[in-house]
Amino acid sequence: MNTVFTMRKSFDLFWSFLKIGIFTFGGGYAMVALIEKEVVDRRRWVERTEFLDLLTLAQTSPGALALNTAVFVGYKVDGYRGGVWSVLGVVVPSFVILVIALFFAEFRHDPVVEAVFKGMRPAVVALVLAPVFNLSRGIGPVRLGLGALALGVTWYAGFSPVYLILVGAL
């Protein structure tokens with residue numbers, strides 16, 4: 001019975017992250033909103049505050065954000081096995097798309113294909129902005145102001161964000 005339960009958790013992790021990998025274009029930040037909805041709201045594997053901690057850890061770790069988040073959530077739910085199945089779920093769609101892209105590279109300049117990708121751009125922007133708004137809800141006006149100031153200093157003054165991170169750490 002215990003083996004069946006463990007296999008079920010592994011399958012659920014794989015299936016959840018496979019769906020996220022299939023239906024997300026635009027990279028890790030575009031996936032954050034879908035990951036949050038799946039693991040916090042739908043599956044209730046992780047509490048919202050814990051998800052923010054996992055997301056922070058995933059951002060500071062080397063590697064892709066979606067991959068790191070999958071590892072951390074999978075490990076929390078089912079240990080090393082869960083981490084492996086979560087990573088497989090999030091990686092398989094990209095791998096399949098890469099293989100397909102290698103075979104169909106000559107269609108890249110097809111007007112229909114270009115129109116499809118052009119039509120996806122607004123959705124990708126929305127998927128990237130959604131977690132920014134969702135995650136910034138509880139930060140308060142002081143932190144929001146500091147974030148805006150840091151963005152302005154980085155953007156307009158050409159100041160390296162590395163120094164701002166170091167100042168923030170202090």
# chains A, B, ... in the order shown; residues from 1 in each chain; ligands from 1
>>> closest_atom_pairs(of="segment 53-132 of chain A", to="segment 21-30 of chain A", cutoff="12 Å", atoms="only C-alpha atoms", output="JSON lines")
{"residue": "A:Leu55", "atom": "CA", "partner": "A:Tyr29", "partner_atom": "CA", "distance": 10.3}
{"residue": "A:Ala58", "atom": "CA", "partner": "A:Gly28", "partner_atom": "CA", "distance": 10.4}
{"residue": "A:Gln59", "atom": "CA", "partner": "A:Gly28", "partner_atom": "CA", "distance": 9.8}
{"residue": "A:Gly63", "atom": "CA", "partner": "A:Gly28", "partner_atom": "CA", "distance": 10.3}
{"residue": "A:Ala64", "atom": "CA", "partner": "A:Gly28", "partner_atom": "CA", "distance": 6.7}
{"residue": "A:Leu65", "atom": "CA", "partner": "A:Gly28", "partner_atom": "CA", "distance": 5.0}
{"residue": "A:Ala66", "atom": "CA", "partner": "A:Gly28", "partner_atom": "CA", "distance": 4.6}
{"residue": "A:Leu67", "atom": "CA", "partner": "A:Gly28", "partner_atom": "CA", "distance": 7.8}
{"residue": "A:Asn68", "atom": "CA", "partner": "A:Gly28", "partner_atom": "CA", "distance": 9.4}
{"residue": "A:Thr69", "atom": "CA", "partner": "A:Gly28", "partner_atom": "CA", "distance": 9.1}
{"residue": "A:Ala70", "atom": "CA", "partner": "A:Gly21", "partner_atom": "CA", "distance": 10.5}
{"residue": "A:Ser86", "atom": "CA", "partner": "A:Gly21", "partner_atom": "CA", "distance": 10.4}
{"residue": "A:Val87", "atom": "CA", "partner": "A:Gly21", "partner_atom": "CA", "distance": 10.0}
{"residue": "A:Leu88", "atom": "CA", "partner": "A:Gly21", "partner_atom": "CA", "distance": 9.8}
{"residue": "A:Gly89", "atom": "CA", "partner": "A:Gly21", "partner_atom": "CA", "distance": 7.1}
{"residue": "A:Val90", "atom": "CA", "partner": "A:Gly21", "partner_atom": "CA", "distance": 4.7}
{"residue": "A:Val91", "atom": "CA", "partner": "A:Gly21", "partner_atom": "CA", "distance": 6.9}
{"residue": "A:Val92", "atom": "CA", "partner": "A:Gly21", "partner_atom": "CA", "distance": 7.7}
{"residue": "A:Pro93", "atom": "CA", "partner": "A:Ile22", "partner_atom": "CA", "distance": 5.4}
{"residue": "A:Ser94", "atom": "CA", "partner": "A:Gly21", "partner_atom": "CA", "distance": 7.1}
{"residue": "A:Phe95", "atom": "CA", "partner": "A:Gly21", "partner_atom": "CA", "distance": 10.2}
{"residue": "A:Val96", "atom": "CA", "partner": "A:Ile22", "partner_atom": "CA", "distance": 9.8}
{"residue": "A:Ile97", "atom": "CA", "partner": "A:Ile22", "partner_atom": "CA", "distance": 9.3}
{"residue": "A:Phe117", "atom": "CA", "partner": "A:Phe25", "partner_atom": "CA", "distance": 10.0}
{"residue": "A:Gly119", "atom": "CA", "partner": "A:Phe25", "partner_atom": "CA", "distance": 11.9}
{"residue": "A:Met120", "atom": "CA", "partner": "A:Phe25", "partner_atom": "CA", "distance": 8.1}
{"residue": "A:Arg121", "atom": "CA", "partner": "A:Gly26", "partner_atom": "CA", "distance": 8.5}
{"residue": "A:Pro122", "atom": "CA", "partner": "A:Gly26", "partner_atom": "CA", "distance": 10.5}
{"residue": "A:Ala123", "atom": "CA", "partner": "A:Phe25", "partner_atom": "CA", "distance": 8.4}
{"residue": "A:Val124", "atom": "CA", "partner": "A:Gly26", "partner_atom": "CA", "distance": 5.4}
{"residue": "A:Val125", "atom": "CA", "partner": "A:Ala30", "partner_atom": "CA", "distance": 7.9}
{"residue": "A:Ala126", "atom": "CA", "partner": "A:Ala30", "partner_atom": "CA", "distance": 8.0}
{"residue": "A:Leu127", "atom": "CA", "partner": "A:Ala30", "partner_atom": "CA", "distance": 4.5}
{"residue": "A:Val128", "atom": "CA", "partner": "A:Ala30", "partner_atom": "CA", "distance": 4.3}
{"residue": "A:Leu129", "atom": "CA", "partner": "A:Ala30", "partner_atom": "CA", "distance": 7.8}
{"residue": "A:Ala130", "atom": "CA", "partner": "A:Ala30", "partner_atom": "CA", "distance": 8.0}
{"residue": "A:Pro131", "atom": "CA", "partner": "A:Tyr29", "partner_atom": "CA", "distance": 7.5}
{"residue": "A:Val132", "atom": "CA", "partner": "A:Tyr29", "partner_atom": "CA", "distance": 8.8}
>>> closest_residue(among="A:Val73, A:Val99, A:Val116, A:Leu57", to="Arg44 of chain A", atoms="only C-alpha atoms")
A:Val73
>>> closest_residue(among="A:Phe11, A:Phe103, A:Phe72, A:Trp45", to="Trp85 of chain A", atoms="only C-alpha atoms")
A:Phe11
>>> closest_residue(among="A:Ala148, A:Val113, A:Leu98, A:Leu13", to="Lys76 of chain A", atoms="only C-alpha atoms")
A:Leu13
>>> select_by_dssp(residues="segment 14-68 of chain A", states="alpha helix (DSSP H)", output="ChimeraX atom specification")
/A:14-22,28-36,48-60,65-68
>>> atom_distance(atom1="atom CA of Val71 of chain A", atom2="atom CA of Lys19 of chain A")
15.7 Å
